[in-house]
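Quick look at model27.cif (mmCIF, C-alpha atoms):
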data_data
#
loop_
_atom_site.label_atom_id
_atom_site.label_comp_id
_atom_site.auth_asym_id
_atom_site.auth_seq_id
_atom_site.Cartn_x
_atom_site.Cartn_y
_atom_site.Cartn_z
CA MET A 1 -39.96 32.21 21.57
CA ALA A 2 -36.84 30.44 20.32
CA ASN A 3 -37.13 28.29 17.23
CA SER A 4 -35.22 25.00 17.48
CA SER A 5 -35.52 24.41 13.73
CA ALA A 6 -32.86 27.10 13.06
CA THR A 7 -29.95 24.87 14.06
CA GLU A 8 -28.64 24.95 10.49
CA ALA A 9 -27.82 28.65 10.91
CA ARG A 10 -25.68 27.85 13.93
CA SER A 11 -22.71 26.89 11.77
CA VAL A 12 -22.90 30.14 9.81
CA LEU A 13 -23.30 32.91 12.39
CA PRO A 14 -24.14 31.31 15.77
CA GLY A 15 -25.74 33.19 18.62
CA ASP A 16 -24.50 33.60 22.16
CA PRO A 17 -24.77 30.18 23.85
CA HIS A 18 -25.64 31.99 27.10
CA CYS A 19 -28.42 34.05 25.53
CA PRO A 20 -31.62 33.59 27.59
CA ILE A 21 -33.76 34.36 24.53
CA CYS A 22 -32.44 32.07 21.74
CA HIS A 23 -30.13 29.81 23.83
CA GLY A 24 -27.41 30.04 21.19
CA ILE A 25 -29.51 29.37 18.08
CA GLY A 26 -29.22 32.97 16.91
CA PHE A 27 -32.80 33.23 15.64
CA VAL A 28 -36.15 33.80 17.27
CA ARG A 29 -39.74 33.51 16.15
CA ARG A 30 -42.26 35.85 17.72
CA ASP A 31 -45.59 34.66 19.10
CA LEU A 32 -48.02 36.20 16.65
CA PRO A 33 -51.59 35.46 15.60
CA ILE A 34 -51.80 33.23 12.53
CA GLU A 35 -53.30 36.03 10.46
CA HIS A 36 -50.31 38.32 11.11
CA PRO A 37 -48.10 38.80 7.98
CA ASP A 38 -44.95 37.98 10.00
CA PHE A 39 -46.37 34.79 11.51
CA GLY A 40 -43.80 31.99 11.38
CA LYS A 41 -40.98 34.25 10.12
CA MET A 42 -37.53 33.95 11.65
CA GLU A 43 -35.81 37.03 13.05
CA VAL A 44 -32.23 37.58 14.11
CA CYS A 45 -31.85 37.48 17.87
CA GLU A 46 -30.48 40.55 19.62
CA CYS A 47 -27.43 38.56 20.74
CA ARG A 48 -26.13 38.34 17.17
CA ARG A 49 -27.65 41.39 15.52
CA ALA A 50 -24.37 43.34 15.64
CA GLN A 51 -22.55 40.33 14.16
CA VAL A 52 -25.03 40.10 11.29
CA GLU A 53 -24.84 43.83 10.60
CA LYS A 54 -21.05 43.64 10.55
CA ALA A 55 -21.15 40.69 8.12
CA GLN A 56 -23.57 42.58 5.89
CA LYS A 57 -21.27 45.61 5.78
CA GLU A 58 -18.26 43.43 5.02
CA HIS A 59 -20.22 41.89 2.17
CA LEU A 60 -20.90 45.39 0.84
CA TYR A 61 -17.19 46.20 1.08
CA ASP A 62 -16.28 43.01 -0.75
CA PHE A 63 -18.59 44.00 -3.59
CA SER A 64 -17.62 47.68 -3.64
CA ASN A 65 -14.00 47.36 -4.88
CA ILE A 66 -13.01 50.02 -2.33
CA GLU A 67 -10.83 47.88 -0.09
CA SER A 68 -7.73 49.83 -1.13
CA PHE A 69 -9.39 53.10 -0.11
CA ARG A 70 -10.99 52.16 3.22
CA ALA A 71 -8.58 54.45 5.08
CA MET A 72 -9.72 57.41 2.97
CA THR A 73 -12.41 58.86 5.20
CA PHE A 74 -13.57 62.36 6.07
CA ASP A 75 -11.70 62.07 9.38
CA SER A 76 -8.40 61.33 7.61
CA PHE A 77 -8.81 64.17 5.09
CA ASN A 78 -6.56 67.13 5.94
CA VAL A 79 -8.20 70.25 4.50
CA GLN A 80 -5.59 72.69 5.74
CA GLY A 81 -2.60 70.60 4.71
CA ARG A 82 -3.17 70.68 0.96
CA GLY A 83 -2.22 74.21 0.06
CA SER A 84 -0.95 77.44 1.59
CA ALA A 85 -2.88 79.91 -0.56
CA LYS A 86 -6.11 81.35 0.82
CA ASP A 87 -8.06 80.45 -2.34
CA SER A 88 -6.73 76.90 -2.14
CA ASN A 89 -7.84 76.41 1.46
CA LYS A 90 -11.26 77.92 0.77
CA SER A 91 -11.67 75.65 -2.25
CA MET A 92 -10.80 72.59 -0.20
CA GLU A 93 -13.19 73.57 2.59
CA VAL A 94 -16.05 73.98 0.10
CA ALA A 95 -15.25 70.63 -1.55
CA PHE A 96 -14.94 68.88 1.83
CA GLN A 97 -18.24 70.21 3.14
CA SER A 98 -20.04 69.52 -0.14
CA ALA A 99 -18.79 65.93 -0.10
CA LYS A 100 -19.90 65.43 3.53
CA ASN A 101 -23.34 66.85 2.79
CA TYR A 102 -23.68 64.61 -0.25
CA ALA A 103 -22.62 61.51 1.68
CA SER A 104 -25.32 62.14 4.29
CA ASN A 105 -27.97 62.35 1.55
CA PRO A 106 -26.68 60.75 -1.69
CA ALA A 107 -29.15 62.05 -4.24
CA GLY A 108 -28.29 63.28 -7.74
CA TRP A 109 -24.71 63.56 -8.95
CA LEU A 110 -21.54 65.11 -7.56
CA PHE A 111 -18.80 66.04 -10.04
CA LEU A 112 -15.36 66.82 -8.54
CA THR A 113 -12.74 68.37 -10.80
CA GLY A 114 -9.19 69.55 -10.14
CA LYS A 115 -5.56 68.88 -10.91
CA PHE A 116 -3.91 65.54 -10.29
CA GLY A 117 -3.38 64.86 -6.58
CA CYS A 118 -5.58 67.62 -5.17
CA GLY A 119 -7.74 65.27 -3.09
CA LYS A 120 -10.61 64.35 -5.43
CA THR A 121 -10.17 60.60 -5.02
CA HIS A 122 -9.92 60.87 -1.24
CA LEU A 123 -13.20 62.77 -1.05
CA ALA A 124 -14.92 60.38 -3.47
CA ALA A 125 -13.68 57.39 -1.44
CA ALA A 126 -14.78 59.04 1.81
CA ILE A 127 -18.28 59.42 0.37
CA ALA A 128 -18.33 55.79 -0.75
CA ASN A 129 -17.11 54.55 2.64
CA GLU A 130 -19.85 56.46 4.44
CA VAL A 131 -22.53 55.34 2.00
CA ILE A 132 -21.50 51.70 2.51
CA GLN A 133 -21.70 52.19 6.28
CA ASN A 134 -25.30 53.22 5.72
CA GLY A 135 -25.98 49.88 4.01
CA ILE A 136 -26.14 51.02 0.37
CA ARG A 137 -24.72 48.73 -2.33
CA THR A 138 -21.81 50.65 -3.85
CA LEU A 139 -19.18 50.32 -6.57
CA PHE A 140 -15.97 52.37 -6.62
CA LEU A 141 -14.11 52.21 -9.94
CA THR A 142 -11.52 54.27 -11.74
CA VAL A 143 -12.71 54.67 -15.31
CA PRO A 144 -9.77 52.69 -16.80
CA ASP A 145 -10.51 49.90 -14.30
CA LEU A 146 -14.19 49.96 -15.25
CA LEU A 147 -13.29 49.39 -18.88
CA ASP A 148 -10.84 46.66 -17.85
CA TRP A 149 -13.63 44.95 -15.94
CA LEU A 150 -15.82 45.02 -19.04
CA ARG A 151 -13.07 43.76 -21.36
CA TYR A 152 -12.17 40.99 -18.91
CA ALA A 153 -15.83 39.88 -18.81
CA PHE A 154 -15.63 38.93 -22.49
CA GLY A 155 -13.67 35.88 -21.32
CA GLY A 156 -16.74 34.75 -19.41
CA GLN A 157 -14.76 33.05 -16.61
CA ASP A 158 -16.54 34.67 -13.67
CA THR A 159 -19.48 36.46 -15.27
CA THR A 160 -20.78 37.43 -18.69
CA PHE A 161 -20.23 40.81 -20.25
CA GLU A 162 -23.96 41.55 -20.06
CA GLU A 163 -24.08 40.72 -16.34
CA ARG A 164 -21.04 42.84 -15.56
CA PHE A 165 -22.32 45.76 -17.66
CA SER A 166 -25.74 45.69 -15.97
CA GLU A 167 -24.12 45.40 -12.55
CA ILE A 168 -22.16 48.62 -13.07
CA ARG A 169 -24.95 50.46 -14.85
CA ASP A 170 -27.63 49.72 -12.24
CA VAL A 171 -25.71 49.65 -8.94
CA PRO A 172 -27.53 51.85 -6.39
CA PHE A 173 -24.45 54.03 -5.82
CA LEU A 174 -21.53 54.41 -8.23
CA VAL A 175 -18.23 56.29 -8.00
CA LEU A 176 -16.33 56.82 -11.26
CA ASP A 177 -12.84 58.07 -10.46
CA ASP A 178 -10.48 59.73 -12.97
CA LEU A 179 -12.83 60.25 -15.90
CA GLY A 180 -10.67 61.22 -18.86
CA THR A 181 -7.66 59.01 -18.11
CA GLN A 182 -9.05 56.06 -20.11
CA ASN A 183 -7.98 55.11 -23.62
CA SER A 184 -10.47 56.96 -25.82
CA THR A 185 -11.27 54.20 -28.29
CA PRO A 186 -14.72 54.29 -29.93
CA TRP A 187 -15.71 51.16 -28.00
CA ALA A 188 -14.61 52.65 -24.67
CA GLN A 189 -16.38 55.93 -25.36
CA GLU A 190 -19.60 54.14 -26.28
CA LYS A 191 -19.66 51.82 -23.25
CA LEU A 192 -18.84 54.64 -20.88
CA PHE A 193 -21.54 56.86 -22.36
CA GLN A 194 -24.12 54.08 -22.13
CA ILE A 195 -23.42 53.67 -18.41
CA ILE A 196 -23.40 57.40 -17.69
CA ASN A 197 -26.48 58.07 -19.80
CA HIS A 198 -28.45 55.27 -18.14
CA ARG A 199 -27.65 56.64 -14.69
CA TYR A 200 -28.48 60.16 -15.90
CA VAL A 201 -31.87 59.18 -17.29
CA ASN A 202 -32.74 57.23 -14.15
CA LYS A 203 -31.19 59.81 -11.79
CA LEU A 204 -29.12 57.18 -9.98
CA PRO A 205 -26.73 58.60 -7.35
CA THR A 206 -23.28 58.95 -8.88
CA VAL A 207 -19.96 60.61 -8.00
CA ILE A 208 -17.52 61.41 -10.81
CA THR A 209 -14.00 62.83 -10.50
CA SER A 210 -11.80 64.14 -13.29
CA ASN A 211 -8.61 66.09 -13.95
CA LEU A 212 -10.42 67.65 -16.91
CA GLU A 213 -12.78 70.59 -17.01
CA VAL A 214 -16.29 69.89 -18.25
CA ALA A 215 -15.55 71.56 -21.59
CA GLU A 216 -12.69 69.11 -22.23
CA ILE A 217 -14.89 66.03 -21.79
CA ASP A 218 -16.75 64.20 -24.57
CA ASP A 219 -19.73 66.34 -25.63
CA ARG A 220 -22.33 63.68 -24.88
CA VAL A 221 -21.04 63.22 -21.34
CA SER A 222 -20.38 66.92 -20.68
CA SER A 223 -23.97 67.78 -21.62
CA ARG A 224 -25.12 65.54 -18.74
CA LEU A 225 -22.58 67.02 -16.35
CA ASN A 226 -23.84 70.52 -17.15
CA ASP A 227 -27.36 69.70 -15.94
CA ARG A 228 -27.60 71.88 -12.83
CA ASP A 229 -30.85 70.27 -11.77
CA LEU A 230 -29.06 66.94 -11.24
CA VAL A 231 -25.33 67.64 -10.93
CA VAL A 232 -23.41 69.59 -8.28
CA ASN A 233 -20.13 70.67 -9.87
CA ILE A 234 -17.20 71.36 -7.51
CA THR A 235 -13.79 72.56 -8.74
CA ILE A 236 -10.87 72.05 -6.35
CA ILE A 237 -8.10 74.64 -6.62
CA ALA A 238 -5.14 73.08 -4.86
CA PRO A 239 -1.64 71.78 -5.72
CA ASP A 240 -0.74 68.10 -5.83
CA TYR A 241 -0.23 67.34 -2.13
CA ARG A 242 1.75 64.21 -3.06
CA ASP A 243 4.34 66.23 -4.98
CA PRO A 244 4.99 69.64 -3.37
CA PHE A 245 8.15 70.04 -5.44
CA ILE A 246 6.23 70.46 -8.67
CA GLU A 247 9.18 71.96 -10.50
CA HIS A 248 11.19 68.74 -10.00
CA LYS A 249 11.05 66.92 -13.34
CA ASP A 250 13.57 64.11 -12.96
CA SER A 251 11.39 61.77 -10.90
CA PRO A 252 7.83 63.12 -10.82
CA ILE A 253 6.52 59.87 -9.37
CA SER A 254 8.98 59.64 -6.47
CA THR A 255 7.64 60.87 -3.13
CA LEU A 256 10.98 60.62 -1.34
CA ALA A 257 11.40 64.41 -1.34
CA TYR A 258 8.60 64.97 1.15
CA LEU A 259 8.89 61.89 3.33
CA SER A 260 9.33 62.80 6.99
CA ASP A 261 12.93 63.47 8.03
CA HIS A 262 12.26 61.31 11.09
CA ARG A 263 12.11 58.16 8.97
CA THR A 264 15.76 57.25 9.41
CA PHE A 265 17.60 54.30 10.91
CA ARG A 266 18.54 56.37 13.96
CA ASN A 267 14.94 57.24 14.76
CA PHE A 268 13.68 53.72 14.11
CA SER A 269 15.75 52.26 16.93
CA ALA A 270 13.70 54.29 19.43
CA ARG A 271 10.97 51.68 19.21
CA LYS A 272 13.08 49.33 21.31
CA LYS A 273 11.94 51.38 24.30
CA GLU A 274 8.36 50.19 23.85
CA ASN A 275 9.00 47.00 25.86
CA LEU A 276 7.95 44.59 23.15
CA PRO A 277 7.78 40.88 23.93
CA ALA A 278 11.02 39.09 23.11
CA SER A 279 9.63 37.33 20.00
CA GLU A 280 8.31 40.59 18.57
CA GLN A 281 11.53 42.44 19.37
CA LYS A 282 13.54 39.73 17.60
CA SER A 283 11.36 40.06 14.50
CA LEU A 284 11.83 43.83 14.51
CA ASP A 285 15.60 43.61 15.09
CA GLN A 286 16.05 41.18 12.18
CA ALA A 287 14.18 43.47 9.80
CA PHE A 288 16.10 46.51 11.07
CA HIS A 289 19.52 44.90 10.55
CA ALA A 290 18.52 43.58 7.12
CA ALA A 291 17.48 47.08 6.09
CA GLN A 292 20.79 48.53 7.29
CA GLN A 293 22.82 45.93 5.42
CA PHE A 294 20.79 46.44 2.24
CA ALA A 295 21.23 50.21 2.47
CA GLU A 296 24.99 49.84 2.72
CA ASN A 297 25.15 47.41 -0.20
CA PRO A 298 21.89 47.23 -2.20
CA GLU A 299 21.72 43.96 -4.10
CA GLY A 300 18.71 41.92 -5.18
CA TRP A 301 15.33 42.31 -3.53
CA LEU A 302 14.34 43.05 0.06
CA VAL A 303 10.70 42.48 1.08
CA PHE A 304 9.07 43.58 4.34
CA LEU A 305 5.72 41.99 5.22
CA GLY A 306 3.49 42.94 8.13
CA THR A 307 0.28 44.60 9.14
CA TYR A 308 -0.21 48.37 9.15
CA GLY A 309 1.84 50.43 11.59
CA THR A 310 4.64 47.92 12.16
CA GLY A 311 7.43 50.03 10.64
CA LYS A 312 7.70 48.66 7.10
CA THR A 313 7.45 52.06 5.41
CA HIS A 314 9.84 53.59 7.96
CA LEU A 315 12.53 51.03 7.11
CA ALA A 316 11.95 51.40 3.36
CA ALA A 317 12.19 55.18 3.64
CA ALA A 318 15.34 54.91 5.76
CA ILE A 319 16.97 52.82 3.02
CA ALA A 320 15.96 55.36 0.38
CA LYS A 321 17.28 58.33 2.39
CA PHE A 322 20.54 56.50 3.16
CA ARG A 323 21.13 55.80 -0.55
CA GLN A 324 20.16 59.35 -1.48
CA ALA A 325 22.76 60.68 0.96
CA ALA A 326 25.27 58.35 -0.70
CA GLY A 327 24.63 60.05 -4.06
CA ASP A 328 22.05 57.69 -5.58
CA ASP A 329 18.69 58.80 -6.96
CA PRO A 330 16.23 56.17 -5.69
CA ILE A 331 12.56 56.16 -6.61
CA PHE A 332 10.22 55.76 -3.66
CA THR A 333 6.56 55.39 -4.59
CA VAL A 334 3.36 54.04 -3.09
CA VAL A 335 1.93 51.46 -5.50
CA PRO A 336 -1.57 53.01 -5.90
CA ASP A 337 0.08 56.40 -6.61
CA LEU A 338 2.35 54.81 -9.21
CA LEU A 339 -0.66 53.37 -11.02
CA ASP A 340 -2.41 56.75 -10.79
CA HIS A 341 0.58 58.37 -12.51
CA LEU A 342 0.53 55.75 -15.25
CA ARG A 343 -3.21 56.20 -15.82
CA ALA A 344 -2.85 59.98 -15.91
CA THR A 345 -0.57 59.72 -18.95
CA PHE A 346 -3.55 58.46 -20.98
CA ASN A 347 -4.95 61.97 -20.81
CA PRO A 348 -4.22 63.63 -24.20
CA SER A 349 -3.06 66.78 -22.39
CA SER A 350 -0.55 64.92 -20.20
CA PRO A 351 2.94 66.49 -20.53
CA ILE A 352 4.59 63.13 -19.79
CA SER A 353 4.23 59.98 -21.85
CA TYR A 354 3.27 56.60 -20.47
CA ASP A 355 6.51 55.06 -21.76
CA HIS A 356 8.59 57.72 -20.00
CA ILE A 357 7.16 56.95 -16.54
CA PHE A 358 6.97 53.19 -17.07
CA ASN A 359 10.59 52.95 -18.20
CA GLN A 360 11.78 55.28 -15.47
CA VAL A 361 10.31 53.01 -12.81
CA ARG A 362 11.28 49.76 -14.47
CA ASN A 363 14.91 50.87 -14.95
CA ALA A 364 15.44 52.75 -11.67
CA ARG A 365 18.79 52.02 -10.07
CA LEU A 366 16.95 51.50 -6.77
CA LEU A 367 13.16 51.16 -6.63
CA ILE A 368 11.13 51.16 -3.42
CA LEU A 369 7.50 50.07 -3.87
CA ASP A 370 5.51 50.81 -0.73
CA ASP A 371 2.17 49.15 0.09
CA LEU A 372 2.08 46.52 -2.64
CA GLY A 373 -1.40 45.03 -2.55
CA THR A 374 -3.34 48.20 -1.69
CA GLN A 375 -3.96 48.97 -5.36
CA ASN A 376 -7.11 47.98 -7.22
CA THR A 377 -6.33 44.49 -8.50
CA THR A 378 -7.65 44.85 -12.03
CA PRO A 379 -6.11 42.85 -14.87
CA TRP A 380 -4.44 46.05 -16.14
CA ALA A 381 -2.93 46.91 -12.75
CA LYS A 382 -1.71 43.35 -12.21
CA GLU A 383 -0.10 43.24 -15.63
CA LYS A 384 1.72 46.57 -15.27
CA LEU A 385 3.11 45.65 -11.85
CA PHE A 386 4.20 42.24 -13.04
CA GLN A 387 5.96 43.70 -16.09
CA ILE A 388 7.90 46.09 -13.85
CA LEU A 389 8.80 43.51 -11.23
CA ASN A 390 9.56 40.72 -13.67
CA PHE A 391 12.05 42.95 -15.50
CA ARG A 392 13.73 43.85 -12.22
CA TYR A 393 13.77 40.19 -11.21
CA GLU A 394 15.38 39.07 -14.46
CA THR A 395 17.99 41.85 -14.26
CA ARG A 396 18.55 41.42 -10.49
CA THR A 397 18.02 45.18 -10.02
CA PRO A 398 17.89 46.37 -6.38
CA THR A 399 14.27 46.60 -5.23
CA VAL A 400 12.58 47.09 -1.87
CA ILE A 401 8.92 46.10 -1.44
CA THR A 402 6.59 46.54 1.52
CA SER A 403 3.19 44.89 1.81
CA SER A 404 0.50 44.19 4.38
CA LEU A 405 -0.55 41.12 2.40
CA LYS A 406 0.40 37.62 3.39
CA LEU A 407 2.70 35.95 0.90
CA GLU A 408 0.03 33.44 -0.13
CA ASP A 409 -2.38 36.26 -0.98
CA MET A 410 -0.11 37.92 -3.54
CA ASP A 411 -0.25 37.60 -7.31
CA PRO A 412 1.21 34.10 -7.86
CA ARG A 413 3.55 35.38 -10.58
CA ILE A 414 5.08 37.97 -8.23
CA ARG A 415 5.13 35.53 -5.32
CA THR A 416 7.27 33.03 -7.26
CA ARG A 417 9.86 35.78 -7.84
CA MET A 418 9.90 36.64 -4.14
CA LEU A 419 10.38 32.99 -3.18
CA ASP A 420 13.62 32.79 -5.19
CA THR A 421 16.12 33.07 -2.33
CA ARG A 422 18.94 33.75 -4.81
CA VAL A 423 17.38 37.13 -5.49
CA CYS A 424 15.01 37.98 -2.66
CA ALA A 425 15.12 38.12 1.15
CA ILE A 426 11.75 38.28 2.94
CA TYR A 427 11.29 39.60 6.48
CA SER A 428 7.93 39.34 8.23
CA ILE A 429 7.64 42.00 10.92
CA ALA A 430 5.46 40.20 13.44
CA VAL A 431 4.82 43.03 15.88
CA ARG A 432 1.77 44.92 17.01
CA PRO A 433 1.01 48.23 15.25
CA TYR A 434 2.30 51.35 16.99
CA GLU A 435 -1.19 52.44 18.03
CA ALA A 436 -1.86 49.01 19.60
CA LEU A 437 1.08 49.22 21.97
CA PRO A 438 0.31 49.81 25.66
#
Just dump the structure as structure tokens.
Amino acid sequence: MANSSATEARSVLPGDPHCPICHGIGFVRRDLPIEHPDFGKMEVCECRRAQVEKAQKEHLYDFSNIESFRAMTFDSFNVQGRGSAKDSNKSMEVAFQSAKNYASNPAGWLFLTGKFGCGKTHLAAAIANEVIQNGIRTLFLTVPDLLDWLRYAFGGQDTTFEERFSEIRDVPFLVLDDLGTQNSTPWAQEKLFQIINHRYVNKLPTVITSNLEVAEIDDRVSSRLNDRDLVVNITIIAPDYRDPFIEHKDSPISTLAYLSDHRTFRNFSARKKENLPASEQKSLDQAFHAAQQFAENPEGWLVFLGTYGTGKTHLAAAIAKFRQAAGDDPIFTVVPDLLDHLRATFNPSSPISYDHIFNQVRNARLLILDDLGTQNTTPWAKEKLFQILNFRYETRTPTVITSSLKLEDMDPRIRTRMLDTRVCAIYSIAVRPYEALP
């Protein structure tokens, strides 16, 4: 029987106005005897159950801090494409299957180790994405970001330090990515141990990834990771799939060397055959011609905005390849990967210093930053990106940026630089993604 007193909920998540059960209210109250424990309780009507479940999952995603990694699923993980050696492929298959099994029944701990770029983060994110789909409250944090969250909480603007610390420590499912890349100050070591030890004592489901072997990790933490009754330890033997030219030392963060050869200006023009509406075709043509002009004479900034699959990365890569053919040495990097490289230098065994990578990016003759906005927006990440971009803004150094964010959703400090028409030209590619085309 429909309950007319639920009209207040109509403005939040209304039901189907044609629903014969609730007549658009969205809630129902069953006819039950007064002694029944559910007597008088409101229930979601079938007409809006899917909507409520979707909203609940989105709320879990908002809390989880995994927005930047939502595309990292088991379906998008290429086991065979990450190494040619037999041992490498076998290692990846074992890690992949172990991660899938864990995601279906997240109990105990899973510890994934391996060299930088071997796929640990992708597997950890795939687990987190599946766990969230199953309705479990989840947090996904790189260890440096975790410590940034705690430090930022001392300001007390959004939450207290105690609330933030308890939130991380007690969350039903936690992923700690890149253990070992944090600054090893006594305070950081102590806070991290307190979180890990609490979850160990209470056997709370946890996934940890690290470039380090267990023996290289702090003794107090490694002793927990060596507990075979709680922890499944998987070592991935595979090269960095993001940098197949490992011997190249000049620009270790640039991924231009393995970008598809099809991402050129000549191949981009083929999209005109897709019979786009005139307004969409005009948007695409303007971006295409702007990219060509910039490639021929790179000055200032060029920004491409648009949703996924609209060709932003293709145009940015075409510019980079054009300039490379002209004798330049551009740096092309995806923003989350750039931040991963910077974090990795905090590892004491890193062969490259933080200053070396930071200065190389900041001072690049031509810098292409792909997917700005897909990184974890921690205070540390925001500050590093702003320092790089502000320097390039002040020096008017040629820079290409792509982003799926709307301009108003960007860091205000970066947005003000982009809005300076003396330096920056912005092109919004207002077309449907490739996969959405008929």
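Residues with any atom within 12 Å of His198 of chain A, counting all atoms listed in the file and excluding same-chain neighbours fewer than 2 positions away, are A:Phe165, A:Ser166, A:Ile168, A:Arg169, A:Asp170, A:Val171, A:Lys191, A:Leu192, A:Phe193, A:Gln194, A:Ile195, A:Ile196, A:Tyr200, A:Val201, A:Asn202, A:Lys203, A:Leu204, A:Pro205, A:Thr206, A:Val221, A:Arg224.
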I need the residue set behind the PyMOL selection byres ((chain A and resi 284) around 12) for this file; please write it as JSON, numbers by chain.
{"A": [268, 269, 270, 271, 272, 274, 276, 277, 278, 279, 280, 281, 282, 283, 285, 286, 287, 288, 289, 290, 291, 304, 305, 306, 310, 311, 312, 314, 315, 427, 428, 429, 430, 431, 432, 433]}
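Between atom CA of Arg365 of chain A and atom CA of Arg396 of chain A the separation is 10.6 Å.
Take atom CA of Ile357 of chain A and atom CA of Thr73 of chain A: the distance between them is 29.3 Å.
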Hits of the PyMOL selection byres ((chain A and resi 349) around 12) in this structure, as number ranges by chain:
A: 115, 180-181, 211-213, 216-217, 344-348, 350-353
Keeping C-alpha atoms, export the residues of the selection given above as a short mmCIF file (atom, residue, chain, number, x, y, z; two decimals), keeping the file's coordinate frame.
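Just written: result-v8.cif:
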data_model
loop_
_atom_site.label_atom_id
_atom_site.label_comp_id
_atom_site.auth_asym_id
_atom_site.auth_seq_id
_atom_site.Cartn_x
_atom_site.Cartn_y
_atom_site.Cartn_z
CA LYS A 115 -5.56 68.88 -10.91
CA GLY A 180 -10.67 61.22 -18.86
CA THR A 181 -7.66 59.01 -18.11
CA ASN A 211 -8.61 66.09 -13.95
CA LEU A 212 -10.42 67.65 -16.91
CA GLU A 213 -12.78 70.59 -17.01
CA GLU A 216 -12.69 69.11 -22.23
CA ILE A 217 -14.89 66.03 -21.79
CA ALA A 344 -2.85 59.98 -15.91
CA THR A 345 -0.57 59.72 -18.95
CA PHE A 346 -3.55 58.46 -20.98
CA ASN A 347 -4.95 61.97 -20.81
CA PRO A 348 -4.22 63.63 -24.20
CA SER A 350 -0.55 64.92 -20.20
CA PRO A 351 2.94 66.49 -20.53
CA ILE A 352 4.59 63.13 -19.79
CA SER A 353 4.23 59.98 -21.85
#
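You can rank A:Leu230, A:Leu225, A:Leu139, A:Ala318 by their closest distance to Arg263 of chain A using all atoms listed in the file, and at the top of that list sits A:Ala318.
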Got a sec to resolve the PyMOL selection byres ((chain A and resi 393) around 9) on this structure and send the residues as an MDAnalysis selection string?
chainID A and resid 300:301 388:392 394:399 417:418 423:424
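Here atom CA of Ile234 of chain A and atom CA of Leu112 of chain A stand 5.0 Å from one another.
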Restricting the calculation to only C-alpha atoms: of A:Glu67, A:Asp371, A:Glu408, A:Asp340, which residue gets closest to Asn129 of chain A?
A:Glu67
Counting all atoms listed in the file, the option among A:Lys41, A:Ala364, A:Gly309, A:Leu302 closest to Thr402 of chain A:
A:Leu302
